[in-house]
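Following: one structure in structure tokens, then a few remarks.
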Number of protein chains: 2
Amino acid sequence: MNAFIKKPPRASRRPSAPGSKPKRTRVEQRDATRAGILDAARAHFEERGFEGANVRAIAAEAGVAAGTVLLHFTDKRDLLHAALFEDLERTADLAIRSTPQADLRAQLRHIARCFFDYYAARPALSRTLLEESLLAKPPWAGRFASQVARVHVHLARLVEEAKAAGTLDPSVDAPLLGVSFFSFYYFALIAWVQGAHPDPLALTDKLVAVHLQGLAPRPAPSLTVSPNKKGKPRAR
Amino acid sequence: MNAFIKKPPRASRRPSAPGSKPKRTRVEQRDATRAGILDAARAHFEERGFEGANVRAIAAEAGVAAGTVLLHFTDKRDLLHAALFEDLERTADLAIRSTPQADLRAQLRHIARCFFDYYAARPALSRTLLEESLLAKPPWAGRFASQVARVHVHLARLVEEAKAAGTLDPSVDAPLLGVSFFSFYYFALIAWVQGAHPDPLALTDKLVAVHLQGLAPRPAPSLTVSPNKKGKPRAR
DNA sequence: GCTTCTTGATGAACGCGTTCACTGAACGTG
DNA sequence: CACGTTCAGTGAACGCGTTCATCAAGAAGC
């Protein structure tokens, strides 16, 4: 600008709240601005979806300039993740922490339900959140993968427990069974998001049930038999 | 424009090819323009990916204005699908037509390979093509779903044949087994696209193998046993 | 306390997807 | 053949995500 003209202080210099705020450190300032942007982002994204929300409106609600948003977050997608990933992390924590002592099928059903609840609570965002959890680019891809890995470890532990309890054949590959579960879970979620299936939990449970049935302990080939043995899969 | 000034004819009035072209019908013109745009779109999308390609550059290569592209196609995504969906349809046709007479596992492996080859041939586009095949919006969602349904019918037929041949338990739900296959196939493809797994075909095959093992015919509970019976799943 | 450095913030400019007012040639009709 | 209509095509304008030159206030150094 023209150096001879002293510009007046800019309007809304700080993120606005009525009445002046005491001076604060840069870190406090940065954190407060970031928190305000995230709050506004959550509200906008959840209400209008990812594409329906726009950065200028989010910035306006946070009381900052659009450029400020992009100073704190790499881009619009980064903002979405920063706003909502913590909720997904809490969901994973809950799924792990609250897994009941029950048969494996019920446990897997419980875990699936926790995640489905997360998506069901955000219908306008479910497609984008799912898309990103599956196909995000670095660095978020790594974070989603870590989260899946965390749940996967938990699943493998549940599988080992089922083997020890005799409800799964000892030869079952626990990590691979975890991958099967994730396959069913994601397919059901995609079908739900696309409106092709109304109840992703029921579909997941069904697929899991058939898969687990096939992994039930089988008698060793033997001349000794027990008339009480259950062996026939449920017809469907 | 100023009615008193006669504008010279616009440059590149028609989609350009050196030398004048004979007059042609509107339908011919429309189809020729559309084909030229699709050719340019394929080249740009395959080379630079969906986001790396831009509509103005595609239009320039097709010898038309950007607005012309949007006259023929709803938006940039519609252009992508119009450019590449036929290839995916041919891939599905090939997968169905060339399924060998073999055990079910080999047949499913073959089908998966055909589709994986389609994605592998377009590395720059694989993520977007996969994303769209899973999560596209109408009307393309319907088209992708129809295609999946077509393959699903084929899978169910293969499953019934396996049941008839005695390699699957008669109680197996053929459509549900098809859904399991799609779950494994998509999970493996996502893992590949994300760089989390180098060989989607091997992963799919592994998941399918375990699943099918669990659906092998089981002896009815009986006092009669055959020492030759194979029954233990492969340990992993 | 002053000077210099660092960094949080700004908002206009830019790139690109999309819209739309306008153009002109093909088409249909009298 | 003339003329009104239809529609393929145009490209500037617009919306929105992102960039970047600039500003100003906190922090560090002397």
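Each chain of the structure tokens is named A, B, ... in the order shown, its residues numbered from 1; ligands are numbered from 1 in display order.
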Residues of chain C within 9 Å of chain A, counting only C-alpha atoms (C1' of nucleotides), as a compact mmCIF listing (two decimals) with N, CA, C and O atoms (P, O5', C5', C4', C3', O3' and C1' of nucleotides), in the first residue's frame:
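What landed in iface.txt:
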```
# COMPACT_ATOMS: atom_id res chain seq x y z
P DT C 7 7.99 -18.59 14.00
O5' DT C 7 6.47 -18.11 13.97
C5' DT C 7 5.87 -17.61 15.16
C4' DT C 7 4.55 -16.97 14.81
C3' DT C 7 3.73 -17.76 13.76
O3' DT C 7 2.37 -17.61 14.10
C1' DT C 7 3.98 -15.57 13.07
P DG C 8 1.50 -18.88 14.45
O5' DG C 8 0.06 -18.21 14.67
C5' DG C 8 -0.13 -17.29 15.75
C4' DG C 8 -1.15 -16.25 15.36
C3' DG C 8 -2.35 -16.78 14.58
O3' DG C 8 -3.51 -16.11 15.09
C1' DG C 8 -1.26 -15.12 13.29
P DA C 9 -4.94 -16.42 14.46
O5' DA C 9 -5.09 -15.28 13.36
C5' DA C 9 -5.07 -13.91 13.77
C4' DA C 9 -5.19 -13.03 12.56
C3' DA C 9 -6.31 -13.42 11.58
O3' DA C 9 -7.31 -12.42 11.64
C1' DA C 9 -4.29 -12.82 10.44
P DT C 10 -8.61 -12.45 10.71
O5' DT C 10 -8.14 -11.64 9.42
C5' DT C 10 -7.66 -10.31 9.58
C4' DT C 10 -7.27 -9.75 8.23
C3' DT C 10 -8.34 -9.91 7.16
O3' DT C 10 -8.72 -8.61 6.73
C1' DT C 10 -6.18 -10.53 6.33
P DG C 11 -10.26 -8.33 6.30
O5' DG C 11 -10.19 -8.44 4.72
C5' DG C 11 -9.35 -7.53 4.00
C4' DG C 11 -9.06 -8.09 2.64
C3' DG C 11 -10.29 -8.62 1.89
O3' DG C 11 -10.09 -8.35 0.51
C1' DG C 11 -8.71 -10.29 1.98
```
May I have all residues of segment 37-152 of chain A that DSSP, computed from the backbone, assigns to alpha helix (DSSP H), given as a PyMOL selection string?
chain A and resi 37-52+55-62+66-72+76-97+104-120+126-135+140-152
For the contact check between chain D and chain B, emit one row per residue of chain D within 8 Å, containing the shortest atom pair and the distance in Å rounded to one decimal, counting only C-alpha atoms (C1' of nucleotides), chain then rising number order, as a Markdown table.
```
| residue | atom | partner | partner_atom | distance |
| --- | --- | --- | --- | --- |
| D:DA8 | C1' | B:Arg30 | CA | 6.8 |
| D:DG9 | C1' | B:Thr68 | CA | 5.8 |
| D:DT10 | C1' | B:Ala65 | CA | 6.1 |
| D:DG11 | C1' | B:Ala65 | CA | 7.1 |
```
Could the residues in this selection be written to a file with N, CA, C and O atoms (P, O5', C5', C4', C3', O3' and C1' of nucleotides), as a PDB file, in the first residue's frame?
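The new file result13.pdb reads:
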```pdb
ATOM      1  P    DA D   8     -28.214 -29.939 -29.844  1.00  0.00           P
ATOM      2  O5'  DA D   8     -26.715 -29.733 -30.340  1.00  0.00           O
ATOM      3  C5'  DA D   8     -26.451 -29.644 -31.734  1.00  0.00           C
ATOM      4  C4'  DA D   8     -25.270 -28.725 -31.968  1.00  0.00           C
ATOM      5  C3'  DA D   8     -24.104 -28.909 -30.984  1.00  0.00           C
ATOM      6  O3'  DA D   8     -22.901 -28.805 -31.725  1.00  0.00           O
ATOM      7  C1'  DA D   8     -24.901 -26.675 -30.874  1.00  0.00           C
ATOM      8  P    DG D   9     -21.488 -28.932 -31.024  1.00  0.00           P
ATOM      9  O5'  DG D   9     -21.142 -27.416 -30.700  1.00  0.00           O
ATOM     10  C5'  DG D   9     -20.987 -26.491 -31.781  1.00  0.00           C
ATOM     11  C4'  DG D   9     -20.717 -25.124 -31.219  1.00  0.00           C
ATOM     12  C3'  DG D   9     -19.628 -25.046 -30.154  1.00  0.00           C
ATOM     13  O3'  DG D   9     -18.540 -24.322 -30.699  1.00  0.00           O
ATOM     14  C1'  DG D   9     -21.514 -23.704 -29.583  1.00  0.00           C
ATOM     15  P    DT D  10     -17.220 -24.008 -29.847  1.00  0.00           P
ATOM     16  O5'  DT D  10     -17.568 -22.575 -29.229  1.00  0.00           O
ATOM     17  C5'  DT D  10     -17.872 -21.494 -30.102  1.00  0.00           C
ATOM     18  C4'  DT D  10     -18.117 -20.236 -29.282  1.00  0.00           C
ATOM     19  C3'  DT D  10     -17.024 -19.945 -28.270  1.00  0.00           C
ATOM     20  O3'  DT D  10     -16.463 -18.682 -28.609  1.00  0.00           O
ATOM     21  C1'  DT D  10     -19.196 -19.718 -27.304  1.00  0.00           C
ATOM     22  P    DG D  11     -14.889 -18.391 -28.299  1.00  0.00           P
ATOM     23  O5'  DG D  11     -14.978 -17.625 -26.900  1.00  0.00           O
ATOM     24  C5'  DG D  11     -15.661 -16.386 -26.846  1.00  0.00           C
ATOM     25  C4'  DG D  11     -15.987 -16.064 -25.395  1.00  0.00           C
ATOM     26  C3'  DG D  11     -14.814 -16.252 -24.431  1.00  0.00           C
ATOM     27  O3'  DG D  11     -14.926 -15.244 -23.437  1.00  0.00           O
ATOM     28  C1'  DG D  11     -16.610 -17.481 -23.674  1.00  0.00           C
TER      29       DG D  11
END
```
